[in-house]
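Report on one structure; see the data block that follows.
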Amino acid sequence: MAEIGTVGVVGAGTMGSGIAHVFARAGFRVLLCDVEQRFLDRAVGLIRTNLGREAAKGKLQEAEIEPALARIAPTLDREALGGAEFAIEAASERFDVKAEIFRALDRILPESAVLGTNTSSISITRLGAETRRPGQVIGMHFFNPVPVMALVEIVRGLATSDAAFAAVYALALR
């Protein structure tokens with residue numbers, strides 16, 4: 001597995017924006033992808049607001065807000081995710097939607113990339129079967145509100161490799 005420096009997040013709703021927030025705050029470059037500009041604009045605005053709240057509570061310095069936001073690159077183009085070493089989808093809880101995203105990510109991302117899902121109800125094994133890399137598919141279930149809840153559930157599929165688990169475990173710790 002390649003060292004993870006860039007994370008792709010597919011879905012800029014409540015969970016996706018929270019996931020992008022915590023990865024950017026932790027120093028990762030984040031490619032935040034959604035299907036409409038208004039969703040991306042709302043997500044970036046929410047992240048800005050939540051970073052401001054964290055600064056007001058003394059959880060980060062005011063000077064850290066703009067650098068964290070600068071690490072987030074909103075995009076409507078899924079192909080832009082090709083530079084990520086890890087991607088996580090945070091789309092609606094519908095298998096057909098997630099399966100289509102996984103097939104696309106499998107095609108777009110480097111062969112060494114790990115593909116994650118924030119699902120709490122869909123089989124990781126079933127999603128992995130939609131790809132050519134089921135050993136690199138894993139659940140990384142964040143809890144809402146993501147920036148507040150310091151809790152991530154890592155869920156393996158039947159085929160998830162030890163290397164993929166170790167990479168995502170280390171990612172969660174960071």
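Ligands are numbered from 1 in the order shown, residues from 1 within each chain, and chains are lettered A, B, ... in the order they appear in the structure tokens.
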
Per DSSP on the backbone, what are the strand (DSSP E or B) residues of chain A, as a compact mmCIF listing (two decimals) with all heavy atoms, in the first residue's frame?
# COMPACT_ATOMS: atom_id res chain seq x y z
N THR A 6 -3.16 11.85 0.06
CA THR A 6 -4.34 12.45 -0.56
C THR A 6 -5.51 11.50 -0.41
O THR A 6 -5.41 10.32 -0.72
CB THR A 6 -4.09 12.75 -2.05
OG1 THR A 6 -2.99 13.64 -2.17
CG2 THR A 6 -5.31 13.39 -2.69
N VAL A 7 -6.62 12.04 0.06
CA VAL A 7 -7.84 11.28 0.29
C VAL A 7 -8.94 11.83 -0.61
O VAL A 7 -9.15 13.04 -0.66
CB VAL A 7 -8.27 11.40 1.77
CG1 VAL A 7 -9.63 10.76 2.01
CG2 VAL A 7 -7.22 10.79 2.68
N GLY A 8 -9.63 10.94 -1.30
CA GLY A 8 -10.81 11.32 -2.05
C GLY A 8 -12.04 11.05 -1.22
O GLY A 8 -12.13 10.00 -0.57
N VAL A 9 -12.98 11.98 -1.22
CA VAL A 9 -14.25 11.80 -0.52
C VAL A 9 -15.36 12.00 -1.54
O VAL A 9 -15.45 13.06 -2.15
CB VAL A 9 -14.42 12.80 0.65
CG1 VAL A 9 -15.77 12.60 1.34
CG2 VAL A 9 -13.28 12.68 1.65
N VAL A 10 -16.17 10.97 -1.74
CA VAL A 10 -17.27 11.05 -2.70
C VAL A 10 -18.55 11.23 -1.92
O VAL A 10 -18.96 10.36 -1.15
CB VAL A 10 -17.35 9.78 -3.57
CG1 VAL A 10 -18.52 9.88 -4.56
CG2 VAL A 10 -16.04 9.54 -4.31
N ARG A 29 -4.38 16.14 2.06
CA ARG A 29 -4.99 16.81 0.91
C ARG A 29 -6.29 16.05 0.65
O ARG A 29 -6.31 14.81 0.65
CB ARG A 29 -4.08 16.72 -0.30
CG ARG A 29 -4.65 17.38 -1.52
CD ARG A 29 -3.59 17.49 -2.63
NE ARG A 29 -4.20 18.05 -3.80
CZ ARG A 29 -4.47 17.36 -4.91
NH1 ARG A 29 -4.13 16.09 -5.01
NH2 ARG A 29 -5.05 17.95 -5.94
N VAL A 30 -7.39 16.77 0.46
CA VAL A 30 -8.70 16.15 0.29
C VAL A 30 -9.30 16.57 -1.04
O VAL A 30 -9.40 17.76 -1.34
CB VAL A 30 -9.66 16.55 1.44
CG1 VAL A 30 -11.03 15.95 1.23
CG2 VAL A 30 -9.10 16.14 2.79
N LEU A 31 -9.69 15.59 -1.82
CA LEU A 31 -10.43 15.81 -3.06
C LEU A 31 -11.89 15.49 -2.75
O LEU A 31 -12.23 14.32 -2.54
CB LEU A 31 -9.89 14.91 -4.17
CG LEU A 31 -8.39 15.01 -4.42
CD1 LEU A 31 -7.91 13.90 -5.35
CD2 LEU A 31 -8.04 16.38 -4.97
N LEU A 32 -12.72 16.53 -2.64
CA LEU A 32 -14.12 16.36 -2.25
C LEU A 32 -14.98 16.41 -3.50
O LEU A 32 -15.03 17.44 -4.17
CB LEU A 32 -14.52 17.45 -1.25
CG LEU A 32 -15.97 17.44 -0.76
CD1 LEU A 32 -16.30 16.13 -0.06
CD2 LEU A 32 -16.21 18.63 0.16
N CYS A 33 -15.65 15.32 -3.80
CA CYS A 33 -16.39 15.20 -5.05
C CYS A 33 -17.88 15.02 -4.81
O CYS A 33 -18.29 14.26 -3.92
CB CYS A 33 -15.84 13.98 -5.82
SG CYS A 33 -16.55 13.76 -7.46
N ILE A 72 -8.54 21.34 0.94
CA ILE A 72 -9.74 20.73 0.35
C ILE A 72 -9.92 21.26 -1.06
O ILE A 72 -10.04 22.47 -1.27
CB ILE A 72 -10.99 21.03 1.20
CG1 ILE A 72 -10.82 20.48 2.62
CG2 ILE A 72 -12.24 20.45 0.53
CD1 ILE A 72 -11.91 20.90 3.58
N ALA A 73 -9.95 20.36 -2.02
CA ALA A 73 -10.19 20.71 -3.42
C ALA A 73 -11.55 20.15 -3.83
O ALA A 73 -11.66 18.95 -4.09
CB ALA A 73 -9.08 20.17 -4.31
N PRO A 74 -12.58 21.00 -3.88
CA PRO A 74 -13.89 20.52 -4.31
C PRO A 74 -13.88 20.26 -5.83
O PRO A 74 -13.25 21.01 -6.58
CB PRO A 74 -14.84 21.68 -3.99
CG PRO A 74 -14.05 22.65 -3.18
CD PRO A 74 -12.61 22.40 -3.47
N THR A 75 -14.56 19.21 -6.26
CA THR A 75 -14.60 18.90 -7.68
C THR A 75 -15.90 18.20 -8.06
O THR A 75 -16.46 17.45 -7.26
CB THR A 75 -13.39 18.02 -8.10
OG1 THR A 75 -13.43 17.83 -9.52
CG2 THR A 75 -13.39 16.68 -7.39
N PHE A 86 -6.29 6.88 -1.21
CA PHE A 86 -7.42 6.32 -0.49
C PHE A 86 -8.65 7.12 -0.88
O PHE A 86 -8.57 8.35 -1.00
CB PHE A 86 -7.21 6.43 1.03
CG PHE A 86 -8.40 6.00 1.86
CD1 PHE A 86 -8.70 4.65 2.01
CD2 PHE A 86 -9.21 6.93 2.48
CE1 PHE A 86 -9.80 4.24 2.77
CE2 PHE A 86 -10.31 6.54 3.24
CZ PHE A 86 -10.60 5.19 3.38
N ALA A 87 -9.76 6.46 -1.09
CA ALA A 87 -11.01 7.16 -1.35
C ALA A 87 -12.10 6.53 -0.50
O ALA A 87 -12.11 5.31 -0.29
CB ALA A 87 -11.39 7.08 -2.82
N ILE A 88 -12.98 7.37 -0.02
CA ILE A 88 -14.11 6.89 0.78
C ILE A 88 -15.38 7.49 0.21
O ILE A 88 -15.42 8.69 -0.10
CB ILE A 88 -13.94 7.22 2.28
CG1 ILE A 88 -15.10 6.65 3.10
CG2 ILE A 88 -13.75 8.71 2.50
CD1 ILE A 88 -14.86 6.67 4.60
N GLU A 89 -16.38 6.64 0.05
CA GLU A 89 -17.67 7.17 -0.41
C GLU A 89 -18.57 7.37 0.79
O GLU A 89 -18.56 6.60 1.74
CB GLU A 89 -18.29 6.28 -1.49
CG GLU A 89 -18.76 4.92 -1.05
CD GLU A 89 -20.05 4.91 -0.26
OE1 GLU A 89 -20.87 5.83 -0.38
OE2 GLU A 89 -20.22 3.96 0.52
N VAL A 114 -6.67 2.09 -1.68
CA VAL A 114 -7.70 1.41 -0.89
C VAL A 114 -9.01 2.17 -1.10
O VAL A 114 -9.03 3.40 -1.14
CB VAL A 114 -7.32 1.39 0.61
CG1 VAL A 114 -8.45 0.79 1.45
CG2 VAL A 114 -6.03 0.61 0.82
N LEU A 115 -10.10 1.42 -1.22
CA LEU A 115 -11.42 2.00 -1.41
C LEU A 115 -12.24 1.78 -0.14
O LEU A 115 -12.39 0.64 0.31
CB LEU A 115 -12.14 1.35 -2.60
CG LEU A 115 -11.37 1.31 -3.92
CD1 LEU A 115 -12.21 0.64 -4.99
CD2 LEU A 115 -10.93 2.69 -4.35
N GLY A 116 -12.74 2.86 0.41
CA GLY A 116 -13.50 2.77 1.65
C GLY A 116 -14.94 3.21 1.47
O GLY A 116 -15.28 3.92 0.53
N THR A 117 -15.76 2.78 2.39
CA THR A 117 -17.16 3.20 2.41
C THR A 117 -17.53 3.59 3.83
O THR A 117 -17.02 3.01 4.79
CB THR A 117 -18.10 2.08 1.92
OG1 THR A 117 -19.46 2.54 2.02
CG2 THR A 117 -17.93 0.79 2.69
N VAL A 137 -10.89 -3.23 -0.29
CA VAL A 137 -12.16 -2.56 0.02
C VAL A 137 -12.45 -2.76 1.50
O VAL A 137 -12.34 -3.87 2.02
CB VAL A 137 -13.31 -3.11 -0.86
CG1 VAL A 137 -14.65 -2.52 -0.44
CG2 VAL A 137 -13.03 -2.81 -2.34
N ILE A 138 -12.83 -1.67 2.16
CA ILE A 138 -13.00 -1.69 3.61
C ILE A 138 -14.05 -0.68 4.05
O ILE A 138 -14.29 0.32 3.35
CB ILE A 138 -11.64 -1.40 4.31
CG1 ILE A 138 -11.66 -1.80 5.77
CG2 ILE A 138 -11.19 0.04 4.08
CD1 ILE A 138 -10.27 -1.94 6.38
N GLY A 139 -14.66 -0.93 5.17
CA GLY A 139 -15.58 0.04 5.75
C GLY A 139 -14.83 0.93 6.73
O GLY A 139 -14.03 0.45 7.53
N MET A 140 -15.07 2.21 6.62
CA MET A 140 -14.52 3.18 7.56
C MET A 140 -15.71 4.03 7.99
O MET A 140 -16.01 5.05 7.37
CB MET A 140 -13.41 4.01 6.92
CG MET A 140 -12.64 4.86 7.90
SD MET A 140 -11.26 5.71 7.08
CE MET A 140 -10.33 6.21 8.52
N HIS A 141 -16.41 3.54 9.00
CA HIS A 141 -17.68 4.15 9.40
C HIS A 141 -17.45 5.22 10.46
O HIS A 141 -17.10 4.93 11.60
CB HIS A 141 -18.61 3.05 9.93
CG HIS A 141 -19.93 3.56 10.35
ND1 HIS A 141 -20.55 3.11 11.49
CD2 HIS A 141 -20.75 4.49 9.82
CE1 HIS A 141 -21.71 3.75 11.64
NE2 HIS A 141 -21.84 4.59 10.63
N PHE A 142 -17.65 6.46 10.03
CA PHE A 142 -17.55 7.61 10.93
C PHE A 142 -18.92 7.83 11.58
O PHE A 142 -19.95 7.44 11.04
CB PHE A 142 -17.16 8.86 10.15
CG PHE A 142 -15.75 8.85 9.64
CD1 PHE A 142 -15.42 8.20 8.46
CD2 PHE A 142 -14.74 9.50 10.35
CE1 PHE A 142 -14.12 8.20 7.99
CE2 PHE A 142 -13.44 9.49 9.89
CZ PHE A 142 -13.13 8.84 8.71
N VAL A 152 -14.25 5.95 15.00
CA VAL A 152 -14.33 5.39 13.65
C VAL A 152 -14.38 3.88 13.79
O VAL A 152 -13.55 3.28 14.46
CB VAL A 152 -13.10 5.79 12.78
CG1 VAL A 152 -13.20 5.15 11.40
CG2 VAL A 152 -12.98 7.29 12.67
N GLU A 153 -15.37 3.28 13.15
CA GLU A 153 -15.49 1.83 13.13
C GLU A 153 -14.89 1.32 11.82
O GLU A 153 -15.30 1.76 10.74
CB GLU A 153 -16.97 1.46 13.21
CG GLU A 153 -17.26 0.00 13.12
CD GLU A 153 -18.76 -0.29 13.11
OE1 GLU A 153 -19.53 0.48 12.51
OE2 GLU A 153 -19.14 -1.31 13.71
N ILE A 154 -13.93 0.42 11.90
CA ILE A 154 -13.31 -0.15 10.71
C ILE A 154 -13.89 -1.54 10.51
O ILE A 154 -13.85 -2.37 11.43
CB ILE A 154 -11.78 -0.21 10.85
CG1 ILE A 154 -11.22 1.21 11.08
CG2 ILE A 154 -11.15 -0.84 9.60
CD1 ILE A 154 -9.76 1.24 11.43
N VAL A 155 -14.45 -1.76 9.32
CA VAL A 155 -15.15 -3.00 9.05
C VAL A 155 -14.52 -3.69 7.84
O VAL A 155 -14.44 -3.11 6.75
CB VAL A 155 -16.65 -2.74 8.76
CG1 VAL A 155 -17.40 -4.05 8.54
CG2 VAL A 155 -17.29 -1.93 9.88
N ARG A 156 -14.07 -4.91 8.06
CA ARG A 156 -13.47 -5.70 6.99
C ARG A 156 -14.55 -6.48 6.25
O ARG A 156 -15.52 -6.91 6.86
CB ARG A 156 -12.48 -6.70 7.56
CG ARG A 156 -11.29 -6.06 8.25
CD ARG A 156 -10.44 -7.11 8.91
NE ARG A 156 -9.61 -7.75 7.89
CZ ARG A 156 -8.36 -8.12 8.07
NH1 ARG A 156 -7.78 -7.94 9.24
NH2 ARG A 156 -7.68 -8.67 7.11

Just the residues within 12 Å of A:Ala150, please, counting only C-alpha atoms, with nothing from its chain fewer than 2 positions along; format it as a PyMOL selection string. chain A and resi 18-19+22+141-148+152-153+172-174

Which residue is closest to A:Phe102? Choose from A:Ala129, A:Ile4, A:Ala24, A:Leu76 and count only C-alpha atoms.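 Among the listed residues, the smallest separation from A:Phe102 belongs to A:Ala129.
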
Between atom CA of A:Ala159 and atom CA of A:Asp34, measure the distance and give it in Å to one decimal.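 Result for atom CA of A:Ala159 versus atom CA of A:Asp34: 28.2 Å, one decimal.
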
Identify, on the basis of only C-alpha atoms, every residue whose closest approach to A:Glu3 does not exceed 10 Å; exclude the query and any residue fewer than 4 positions from it along the same chain; express the result as a PyMOL selection string. chain A and resi 85-86+112-113+167+171

Export, as a short mmCIF file (atom, residue, chain, number, x, y, z; two decimals), in the first residue's frame, the selected residues with N, CA, C and O atoms.
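Listed below is the output, part_39.cif:
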data_model
loop_
_atom_site.label_atom_id
_atom_site.label_comp_id
_atom_site.auth_asym_id
_atom_site.auth_seq_id
_atom_site.Cartn_x
_atom_site.Cartn_y
_atom_site.Cartn_z
N GLU A 85 -4.65 8.20 -2.83
CA GLU A 85 -4.19 6.88 -2.41
C GLU A 85 -5.27 6.14 -1.64
O GLU A 85 -5.19 4.94 -1.42
N PHE A 86 -6.29 6.88 -1.21
CA PHE A 86 -7.42 6.32 -0.49
C PHE A 86 -8.65 7.12 -0.88
O PHE A 86 -8.57 8.35 -1.00
N SER A 112 -2.92 0.49 -6.33
CA SER A 112 -2.52 0.36 -4.93
C SER A 112 -3.48 1.03 -3.95
O SER A 112 -3.39 0.83 -2.75
N ALA A 113 -4.41 1.83 -4.46
CA ALA A 113 -5.32 2.59 -3.60
C ALA A 113 -6.32 1.69 -2.88
O ALA A 113 -6.78 0.69 -3.42
N ALA A 167 -3.47 -0.23 6.80
CA ALA A 167 -3.39 1.12 6.23
C ALA A 167 -4.53 2.00 6.74
O ALA A 167 -4.32 3.16 7.12
N LEU A 171 -4.53 5.21 9.24
CA LEU A 171 -5.19 6.43 8.77
C LEU A 171 -6.15 6.95 9.84
O LEU A 171 -6.17 8.15 10.14
#

How would you write, as a VMD selection string, the set of residues in stretch 1-170 of chain A that DSSP gives as alpha helix (DSSP H)? chain A and resid 14 to 25 37 to 56 65 to 70 95 to 108 124 to 128 162 to 170

Could you pull the residues within 10 Å of A:Arg103, counting only C-alpha atoms, minus those fewer than 2 positions along the same chain, as JSON, numbers by chain? {"A": [98, 99, 100, 101, 105, 106, 107, 108, 127, 128, 129, 130, 131, 132]}

Residues as selected, N, CA, C and O atoms, written as a PDB file, in the first residue's frame, can you do that?
ATOM      1  N   LYS A  98     -23.947   3.107  -4.359  1.00  0.00           N
ATOM      2  CA  LYS A  98     -22.595   2.810  -3.873  1.00  0.00           C
ATOM      3  C   LYS A  98     -21.843   1.900  -4.848  1.00  0.00           C
ATOM      4  O   LYS A  98     -20.652   2.093  -5.086  1.00  0.00           O
ATOM      5  N   ALA A  99     -22.527   0.908  -5.417  1.00  0.00           N
ATOM      6  CA  ALA A  99     -21.881  -0.014  -6.352  1.00  0.00           C
ATOM      7  C   ALA A  99     -21.358   0.736  -7.576  1.00  0.00           C
ATOM      8  O   ALA A  99     -20.232   0.487  -8.028  1.00  0.00           O
ATOM      9  N   GLU A 100     -22.140   1.674  -8.080  1.00  0.00           N
ATOM     10  CA  GLU A 100     -21.699   2.460  -9.240  1.00  0.00           C
ATOM     11  C   GLU A 100     -20.471   3.289  -8.879  1.00  0.00           C
ATOM     12  O   GLU A 100     -19.523   3.380  -9.657  1.00  0.00           O
ATOM     13  N   ILE A 101     -20.461   3.877  -7.696  1.00  0.00           N
ATOM     14  CA  ILE A 101     -19.314   4.666  -7.247  1.00  0.00           C
ATOM     15  C   ILE A 101     -18.083   3.775  -7.123  1.00  0.00           C
ATOM     16  O   ILE A 101     -16.994   4.132  -7.568  1.00  0.00           O
ATOM     17  N   LEU A 105     -14.561   4.237  -8.959  1.00  0.00           N
ATOM     18  CA  LEU A 105     -13.321   4.429  -8.201  1.00  0.00           C
ATOM     19  C   LEU A 105     -12.303   3.354  -8.540  1.00  0.00           C
ATOM     20  O   LEU A 105     -11.105   3.629  -8.643  1.00  0.00           O
ATOM     21  N   ASP A 106     -12.763   2.125  -8.731  1.00  0.00           N
ATOM     22  CA  ASP A 106     -11.880   1.022  -9.097  1.00  0.00           C
ATOM     23  C   ASP A 106     -11.168   1.322 -10.408  1.00  0.00           C
ATOM     24  O   ASP A 106      -9.987   1.026 -10.572  1.00  0.00           O
ATOM     25  N   ARG A 107     -11.884   1.936 -11.327  1.00  0.00           N
ATOM     26  CA  ARG A 107     -11.310   2.284 -12.634  1.00  0.00           C
ATOM     27  C   ARG A 107     -10.375   3.494 -12.531  1.00  0.00           C
ATOM     28  O   ARG A 107      -9.322   3.529 -13.150  1.00  0.00           O
ATOM     29  N   ILE A 108     -10.731   4.476 -11.723  1.00  0.00           N
ATOM     30  CA  ILE A 108     -10.039   5.762 -11.674  1.00  0.00           C
ATOM     31  C   ILE A 108      -8.784   5.748 -10.803  1.00  0.00           C
ATOM     32  O   ILE A 108      -7.757   6.317 -11.176  1.00  0.00           O
ATOM     33  N   LEU A 127     -19.841  -4.949  -1.700  1.00  0.00           N
ATOM     34  CA  LEU A 127     -19.284  -3.786  -2.404  1.00  0.00           C
ATOM     35  C   LEU A 127     -17.939  -4.135  -3.036  1.00  0.00           C
ATOM     36  O   LEU A 127     -17.657  -3.750  -4.169  1.00  0.00           O
ATOM     37  N   GLY A 128     -17.109  -4.878  -2.307  1.00  0.00           N
ATOM     38  CA  GLY A 128     -15.812  -5.284  -2.837  1.00  0.00           C
ATOM     39  C   GLY A 128     -15.944  -6.121  -4.090  1.00  0.00           C
ATOM     40  O   GLY A 128     -15.106  -6.033  -5.000  1.00  0.00           O
ATOM     41  N   ALA A 129     -17.003  -6.927  -4.173  1.00  0.00           N
ATOM     42  CA  ALA A 129     -17.232  -7.773  -5.339  1.00  0.00           C
ATOM     43  C   ALA A 129     -17.534  -6.954  -6.595  1.00  0.00           C
ATOM     44  O   ALA A 129     -17.429  -7.474  -7.708  1.00  0.00           O
ATOM     45  N   GLU A 130     -17.859  -5.677  -6.424  1.00  0.00           N
ATOM     46  CA  GLU A 130     -18.106  -4.796  -7.564  1.00  0.00           C
ATOM     47  C   GLU A 130     -16.798  -4.287  -8.180  1.00  0.00           C
ATOM     48  O   GLU A 130     -16.818  -3.595  -9.186  1.00  0.00           O
ATOM     49  N   THR A 131     -15.673  -4.613  -7.549  1.00  0.00           N
ATOM     50  CA  THR A 131     -14.366  -4.111  -7.983  1.00  0.00           C
ATOM     51  C   THR A 131     -13.450  -5.257  -8.405  1.00  0.00           C
ATOM     52  O   THR A 131     -13.767  -6.425  -8.177  1.00  0.00           O
ATOM     53  N   ARG A 132     -12.298  -4.888  -8.948  1.00  0.00           N
ATOM     54  CA  ARG A 132     -11.249  -5.859  -9.260  1.00  0.00           C
ATOM     55  C   ARG A 132     -10.274  -5.978  -8.092  1.00  0.00           C
ATOM     56  O   ARG A 132      -9.262  -6.645  -8.204  1.00  0.00           O
TER      57      ARG A 132
END
